[in-house]
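The structure appears right after this line, and notes come after that.
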Amino acid sequence: MKFLHSFAAPLLLLAAGAAQAASSWGFDDAKLTVSAKKAAAGAKETDVRQFNDKSAIIPTPIVFDSADSLKLLLTAKENGKGKRPHQAFLVLRDSATGLEAPFPLTVKDNGKATVEIKQADLPIQLAIATTPLKASLVLASFGSSEGFNKYIFDIEVTRDPSATPIVYEKPLRYGKLDEIHHTFRADPTSPPKLVSLIFVLAVLATVPALFIGWLALGANVSHLSKALGAAPVAHGVFFGSIVAMEGVFYMYYLSWNLFQALPVISVVGTAAFLSGAKALGEVQSRRLAGER
């Protein structure tokens, strides 16, 4: 008796492990229907198939037109009892390209599951497939029960000739592109001749305007010698700075860039400001003395 009791516990554990290992997921009471999307109330489905996890592969493909709706109802079971799996998918696969599209089933706690597919739900790669799509059912969950993954039937995707054709557009791929050759035009060395001519005429027009203004205001050229005698440096530098500023503008127009012209303009401008203040002070002193 003691010998038999020593073997009883290991045998029970082995039997429990074998029963646990034998448990697996499956399904029953599956019903596959294909009906028109806008079918009238009470109209019969165009195609009805019934099967379970022990059934053989459905021999004839399911015709799935652009106006149809494909619906699958079943009861998911774990070890023969209705139960809700953690994962439940109807997977459609294009055998020519290997592309797959999973469609999740809506499952209740008692294992009742359903999924409805319209042709608009298919990825464009599967919607334009020229070979029948292979439909597989996937049921699995946490725990030691073996998951279910089985190819069940084929779907032949067809389209109404009067419907708008589906056109596959190749997706944008980021990567190396062909080299771009672009010829950049050289920067202009001078403005257009017409613009330059207009500004030259505008500058030349100020010369007669200056002389006319002097005659109208009564300019006294005889005071030139007295002004140069009282402040020769101020008047000379002021007049020279005006000429120098015009020279800077000319060089900027001819060949200089902005970074070359700005330092010279700052120096000439400072000299013009200081000498001009001194020269105008000398002119004011003569005017206060009554000399005009």
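Residue numbering restarts at 1 for every chain of the structure tokens, chains are lettered A, B, ... in their displayed order, and ligands are numbered from 1 as they appear.
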Proximity check region 134-237 of chain A to region 271-286 of chain A, 7 Å, nearest pairs one decimal Å, only C-alpha atoms, as a tab-separated table:
residue	atom	partner	partner_atom	distance
A:Ala231	CA	A:Ala279	CA	6.8
A:Ala234	CA	A:Ser275	CA	4.7
A:His235	CA	A:Ala279	CA	5.3
A:Val237	CA	A:Ser275	CA	6.0
Residue selection dump (all heavy atoms) as an mmCIF file, in the first residue's frame:
data_model
loop_
_atom_site.group_PDB
_atom_site.id
_atom_site.type_symbol
_atom_site.label_atom_id
_atom_site.label_comp_id
_atom_site.auth_asym_id
_atom_site.auth_seq_id
_atom_site.Cartn_x
_atom_site.Cartn_y
_atom_site.Cartn_z
ATOM 1 N N ALA A 231 37.871 130.759 -41.524
ATOM 2 C CA ALA A 231 37.864 129.328 -41.144
ATOM 3 C C ALA A 231 38.197 128.494 -42.366
ATOM 4 O O ALA A 231 37.326 127.822 -42.938
ATOM 5 C CB ALA A 231 36.510 128.917 -40.565
ATOM 6 N N ALA A 234 37.733 124.511 -41.737
ATOM 7 C CA ALA A 234 36.340 124.062 -41.598
ATOM 8 C C ALA A 234 35.629 124.075 -42.944
ATOM 9 O O ALA A 234 34.969 123.094 -43.331
ATOM 10 C CB ALA A 234 35.609 124.938 -40.597
ATOM 11 N N HIS A 235 35.771 125.194 -43.687
ATOM 12 C CA HIS A 235 35.101 125.273 -44.991
ATOM 13 C C HIS A 235 35.683 124.270 -45.980
ATOM 14 O O HIS A 235 34.951 123.638 -46.760
ATOM 15 C CB HIS A 235 35.215 126.704 -45.533
ATOM 16 C CG HIS A 235 34.286 127.666 -44.851
ATOM 17 N ND1 HIS A 235 32.919 127.621 -45.005
ATOM 18 C CD2 HIS A 235 34.555 128.691 -44.001
ATOM 19 C CE1 HIS A 235 32.362 128.582 -44.289
ATOM 20 N NE2 HIS A 235 33.343 129.261 -43.656
ATOM 21 N N VAL A 237 37.294 121.373 -45.327
ATOM 22 C CA VAL A 237 36.954 119.987 -44.983
ATOM 23 C C VAL A 237 35.474 119.701 -45.258
ATOM 24 O O VAL A 237 35.109 118.631 -45.738
ATOM 25 C CB VAL A 237 37.307 119.710 -43.512
ATOM 26 C CG1 VAL A 237 36.803 118.328 -43.087
ATOM 27 C CG2 VAL A 237 38.810 119.807 -43.299
#
Quick one: contact table of region 143-257 of chain A to region 92-104 of chain A, 12 Å max, nearest atom pair and distance in Å to one decimal per residue, counting only C-alpha atoms, chain and number order, as JSON lines?
{"residue": "A:Lys150", "atom": "CA", "partner": "A:Leu92", "partner_atom": "CA", "distance": 11.7}
{"residue": "A:Tyr151", "atom": "CA", "partner": "A:Leu92", "partner_atom": "CA", "distance": 9.6}
{"residue": "A:Ile152", "atom": "CA", "partner": "A:Leu92", "partner_atom": "CA", "distance": 10.5}
{"residue": "A:Phe153", "atom": "CA", "partner": "A:Leu92", "partner_atom": "CA", "distance": 9.8}
{"residue": "A:Asp154", "atom": "CA", "partner": "A:Leu92", "partner_atom": "CA", "distance": 8.8}
{"residue": "A:Ile155", "atom": "CA", "partner": "A:Leu92", "partner_atom": "CA", "distance": 8.4}
{"residue": "A:Glu156", "atom": "CA", "partner": "A:Asp94", "partner_atom": "CA", "distance": 10.6}
{"residue": "A:Val157", "atom": "CA", "partner": "A:Asp94", "partner_atom": "CA", "distance": 10.9}
For the residues in that selection, give me N, CA, C and O atoms as a JSON list (two decimals), in the first residue's frame.
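Below you can see selection-v9.json, which holds the result:
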[["chain", "number", "residue", "atom", "x", "y", "z"],
["A", 150, "LYS", "N", -6.09, 29.28, -38.02],
["A", 150, "LYS", "CA", -6.38, 28.34, -39.10],
["A", 150, "LYS", "C", -6.93, 29.07, -40.31],
["A", 150, "LYS", "O", -7.75, 29.97, -40.19],
["A", 151, "TYR", "N", -6.43, 28.67, -41.48],
["A", 151, "TYR", "CA", -6.94, 29.16, -42.76],
["A", 151, "TYR", "C", -8.27, 28.45, -43.03],
["A", 151, "TYR", "O", -8.34, 27.22, -43.01],
["A", 152, "ILE", "N", -9.35, 29.25, -43.28],
["A", 152, "ILE", "CA", -10.70, 28.68, -43.31],
["A", 152, "ILE", "C", -11.33, 28.76, -44.70],
["A", 152, "ILE", "O", -11.88, 27.79, -45.20],
["A", 153, "PHE", "N", -11.26, 29.95, -45.34],
["A", 153, "PHE", "CA", -11.93, 30.10, -46.64],
["A", 153, "PHE", "C", -11.22, 31.15, -47.48],
["A", 153, "PHE", "O", -10.32, 31.86, -46.98],
["A", 154, "ASP", "N", -11.64, 31.24, -48.75],
["A", 154, "ASP", "CA", -11.10, 32.23, -49.69],
["A", 154, "ASP", "C", -12.16, 33.28, -49.99],
["A", 154, "ASP", "O", -13.37, 32.99, -49.97],
["A", 155, "ILE", "N", -11.69, 34.49, -50.28],
["A", 155, "ILE", "CA", -12.58, 35.59, -50.66],
["A", 155, "ILE", "C", -12.15, 36.10, -52.03],
["A", 155, "ILE", "O", -10.99, 36.51, -52.20],
["A", 156, "GLU", "N", -13.06, 36.09, -52.97],
["A", 156, "GLU", "CA", -12.79, 36.64, -54.30],
["A", 156, "GLU", "C", -13.38, 38.04, -54.38],
["A", 156, "GLU", "O", -14.60, 38.21, -54.38],
["A", 157, "VAL", "N", -12.50, 39.03, -54.42],
["A", 157, "VAL", "CA", -12.93, 40.43, -54.43],
["A", 157, "VAL", "C", -13.26, 40.83, -55.87],
["A", 157, "VAL", "O", -12.42, 40.72, -56.76]]
key: alpha helix (DSSP H) residues, from DSSP on the backbone, in region 94-247 of chain A, as an MDAnalysis selection string   = chainID A and resid 124:127 193:217 224:230 232:247
Go ahead and dump the residues you just picked, C-alpha atoms, as a compact mmCIF listing (two decimals), in the first residue's frame.
# COMPACT_ATOMS: atom_id res chain seq x y z
CA ILE A 124 -6.26 49.32 -51.37
CA GLN A 125 -3.60 46.63 -51.92
CA LEU A 126 -6.14 43.93 -51.03
CA ALA A 127 -9.09 45.63 -52.76
CA LYS A 193 20.46 101.29 -67.20
CA LEU A 194 17.05 102.92 -67.29
CA VAL A 195 16.95 103.30 -63.50
CA SER A 196 20.52 104.64 -63.48
CA LEU A 197 19.68 107.17 -66.21
CA ILE A 198 16.65 108.46 -64.29
CA PHE A 199 18.69 109.05 -61.13
CA VAL A 200 21.54 110.71 -63.09
CA LEU A 201 19.07 113.14 -64.63
CA ALA A 202 17.55 113.81 -61.22
CA VAL A 203 21.00 114.66 -59.78
CA LEU A 204 21.96 116.87 -62.74
CA ALA A 205 18.67 118.75 -62.43
CA THR A 206 19.68 119.90 -58.94
CA VAL A 207 22.65 121.89 -60.34
CA PRO A 208 20.60 124.54 -62.18
CA ALA A 209 18.12 124.47 -59.30
CA LEU A 210 21.00 125.33 -56.95
CA PHE A 211 22.09 128.32 -59.03
CA ILE A 212 18.49 129.53 -59.40
CA GLY A 213 18.09 129.31 -55.62
CA TRP A 214 21.25 131.32 -55.07
CA LEU A 215 20.05 134.07 -57.43
CA ALA A 216 16.60 134.13 -55.84
CA LEU A 217 17.97 134.35 -52.28
CA LEU A 224 34.08 133.58 -50.26
CA SER A 225 37.53 134.98 -49.57
CA LYS A 226 36.52 136.28 -46.15
CA ALA A 227 34.95 132.94 -45.20
CA LEU A 228 38.06 131.01 -46.26
CA GLY A 229 40.24 133.47 -44.42
CA ALA A 230 38.25 133.15 -41.14
CA PRO A 232 39.82 127.82 -44.00
CA VAL A 233 40.06 124.32 -42.51
CA ALA A 234 36.34 124.06 -41.60
CA HIS A 235 35.10 125.27 -44.99
CA GLY A 236 37.67 123.21 -46.90
CA VAL A 237 36.95 119.99 -44.98
CA PHE A 238 33.18 120.50 -45.18
CA PHE A 239 33.24 121.01 -48.94
CA GLY A 240 35.70 118.14 -49.37
CA SER A 241 33.51 115.80 -47.28
CA ILE A 242 30.53 116.55 -49.54
CA VAL A 243 32.61 115.70 -52.61
CA ALA A 244 33.99 112.60 -50.87
CA MET A 245 30.49 111.41 -50.01
CA GLU A 246 29.49 111.65 -53.66
CA GLY A 247 32.62 109.67 -54.52
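Interatomic distance, CA of Leu70 (chain A) against CA of Ser141 (chain A): 25.5 Å.
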task = Enter the distance from CA of Ala163 (chain A) to CA of Arg49 (chain A), in Å, rounded to one decimal.
result =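 Rounded to one decimal, the two atoms are 27.2 Å apart.
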task = Give me the residues within 12 Å of region 166-182 of chain A as a ChimeraX atom specification, counting only C-alpha atoms and dropping any in the same chain fewer than 3 places off.
result = /A:66,119-120,122-129,158-163,185
Now that the selection is made, can you save its residues with N, CA and C atoms as a tab-separated table (two decimals), in the first residue's frame?
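Output below, filename out12.tsv:
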chain	number	residue	atom	x	y	z
A	66	SER	N	-18.34	44.93	-54.64
A	66	SER	CA	-18.16	46.28	-54.08
A	66	SER	C	-19.37	46.76	-53.30
A	119	GLN	N	-16.24	46.39	-48.49
A	119	GLN	CA	-15.08	46.46	-49.38
A	119	GLN	C	-14.29	47.76	-49.18
A	120	ALA	N	-15.00	48.80	-48.71
A	120	ALA	CA	-14.30	50.06	-48.43
A	120	ALA	C	-13.35	49.93	-47.24
A	122	LEU	N	-11.31	47.44	-46.80
A	122	LEU	CA	-10.09	46.75	-47.23
A	122	LEU	C	-9.00	47.74	-47.58
A	123	PRO	N	-7.75	47.46	-47.24
A	123	PRO	CA	-6.65	48.28	-47.76
A	123	PRO	C	-6.64	48.20	-49.28
A	124	ILE	N	-6.20	49.25	-49.91
A	124	ILE	CA	-6.26	49.32	-51.37
A	124	ILE	C	-5.47	48.18	-52.02
A	125	GLN	N	-4.40	47.73	-51.35
A	125	GLN	CA	-3.60	46.63	-51.92
A	125	GLN	C	-4.42	45.33	-51.98
A	126	LEU	N	-5.30	45.12	-51.01
A	126	LEU	CA	-6.14	43.93	-51.03
A	126	LEU	C	-7.38	44.12	-51.89
A	127	ALA	N	-7.89	45.37	-51.96
A	127	ALA	CA	-9.09	45.63	-52.76
A	127	ALA	C	-8.84	45.43	-54.25
A	128	ILE	N	-7.59	45.61	-54.69
A	128	ILE	CA	-7.29	45.45	-56.12
A	128	ILE	C	-6.57	44.13	-56.40
A	129	ALA	N	-6.59	43.24	-55.42
A	129	ALA	CA	-5.91	41.95	-55.60
A	129	ALA	C	-6.57	41.16	-56.74
A	158	THR	N	-14.50	41.26	-56.10
A	158	THR	CA	-14.93	41.73	-57.41
A	158	THR	C	-15.48	43.14	-57.28
A	159	ARG	N	-15.53	43.84	-58.40
A	159	ARG	CA	-16.04	45.20	-58.40
A	159	ARG	C	-17.04	45.40	-59.52
A	160	ASP	N	-18.03	46.24	-59.25
A	160	ASP	CA	-19.03	46.58	-60.26
A	160	ASP	C	-18.34	47.39	-61.36
A	161	PRO	N	-18.48	47.00	-62.62
A	161	PRO	CA	-17.81	47.75	-63.70
A	161	PRO	C	-18.23	49.22	-63.77
A	162	SER	N	-19.45	49.51	-63.30
A	162	SER	CA	-19.91	50.90	-63.35
A	162	SER	C	-19.39	51.73	-62.18
A	163	ALA	N	-18.80	51.08	-61.17
A	163	ALA	CA	-18.28	51.81	-60.01
A	163	ALA	C	-16.97	52.49	-60.36
A	185	ARG	N	22.22	82.20	-61.48
A	185	ARG	CA	22.68	83.40	-62.19
A	185	ARG	C	23.58	84.24	-61.29
message = Please compute the CA of Ser35 (chain A)-CA of Phe148 (chain A) distance, one decimal, in Å.
response =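 These two atoms are separated by 27.4 Å.
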request  = Would you please work out which residue, of A:Tyr250, A:Ser69, A:Asn220, A:Asn257, is nearest to Asp121 (chain A) when using only C-alpha atoms?
outcome  =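 Among the listed residues, A:Ser69 lies closest to Asp121 (chain A).
Using only C-alpha atoms, the shortest contact distance between Ala88 (chain A) and any of A:Ala140, A:Ile57, A:Leu133, A:Ala30 is found at A:Ala140.
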Taking the backbone alone, and naming residues the way the document does, which bits of region 104-152 of chain A are strand (DSSP E) by DSSP, as a compact mmCIF listing (two decimals) with C-alpha atoms, in the first residue's frame?
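Done, and the output landed in result_30.txt:
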# COMPACT_ATOMS: atom_id res chain seq x y z
CA PRO A 104 -10.84 42.45 -34.95
CA THR A 106 -16.31 42.14 -31.27
CA VAL A 107 -16.56 39.49 -28.57
CA LYS A 112 -20.31 35.34 -28.97
CA ALA A 113 -18.26 37.17 -31.59
CA THR A 114 -19.03 39.09 -34.76
CA VAL A 115 -17.22 41.08 -37.41
CA GLU A 116 -18.59 42.90 -40.45
CA ILE A 117 -16.43 43.98 -43.39
CA LYS A 118 -17.26 46.20 -46.33
CA LEU A 133 -7.72 36.46 -50.50
CA LYS A 134 -7.09 33.78 -47.90
CA ALA A 135 -9.11 34.26 -44.70
CA SER A 136 -7.75 32.92 -41.41
CA LEU A 137 -9.23 33.06 -37.92
CA VAL A 138 -7.00 33.85 -34.94
CA LEU A 139 -8.14 33.20 -31.34
CA ALA A 140 -5.75 33.40 -28.40
CA PHE A 148 -6.19 28.90 -32.68
CA ASN A 149 -4.87 30.03 -36.07
CA LYS A 150 -6.38 28.34 -39.10
CA TYR A 151 -6.94 29.16 -42.76
CA ILE A 152 -10.70 28.68 -43.31
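Minimum atom-to-atom distance to Pro191 (chain A), evaluated using only C-alpha atoms, belongs to A:Leu254 out of A:Val221, A:Leu74, A:Leu254, A:Val264.
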What's the 7 Å shell around region 258-261 of chain A, counting only C-alpha atoms, without same-chain residues fewer than 4 positions away, as a PDB file with N, CA and C atoms, in the first residue's frame?
ATOM      1  N   VAL A 248      31.972 108.231 -52.660  1.00  0.00           N
ATOM      2  CA  VAL A 248      31.630 106.939 -52.048  1.00  0.00           C
ATOM      3  C   VAL A 248      30.405 106.336 -52.725  1.00  0.00           C
ATOM      4  N   TYR A 252      30.229 102.834 -54.665  1.00  0.00           N
ATOM      5  CA  TYR A 252      29.249 101.810 -54.295  1.00  0.00           C
ATOM      6  C   TYR A 252      28.432 101.387 -55.519  1.00  0.00           C
ATOM      7  N   ILE A 265      31.615 105.726 -45.306  1.00  0.00           N
ATOM      8  CA  ILE A 265      30.532 106.692 -45.087  1.00  0.00           C
ATOM      9  C   ILE A 265      30.544 107.206 -43.653  1.00  0.00           C
TER      10      ILE A 265
END
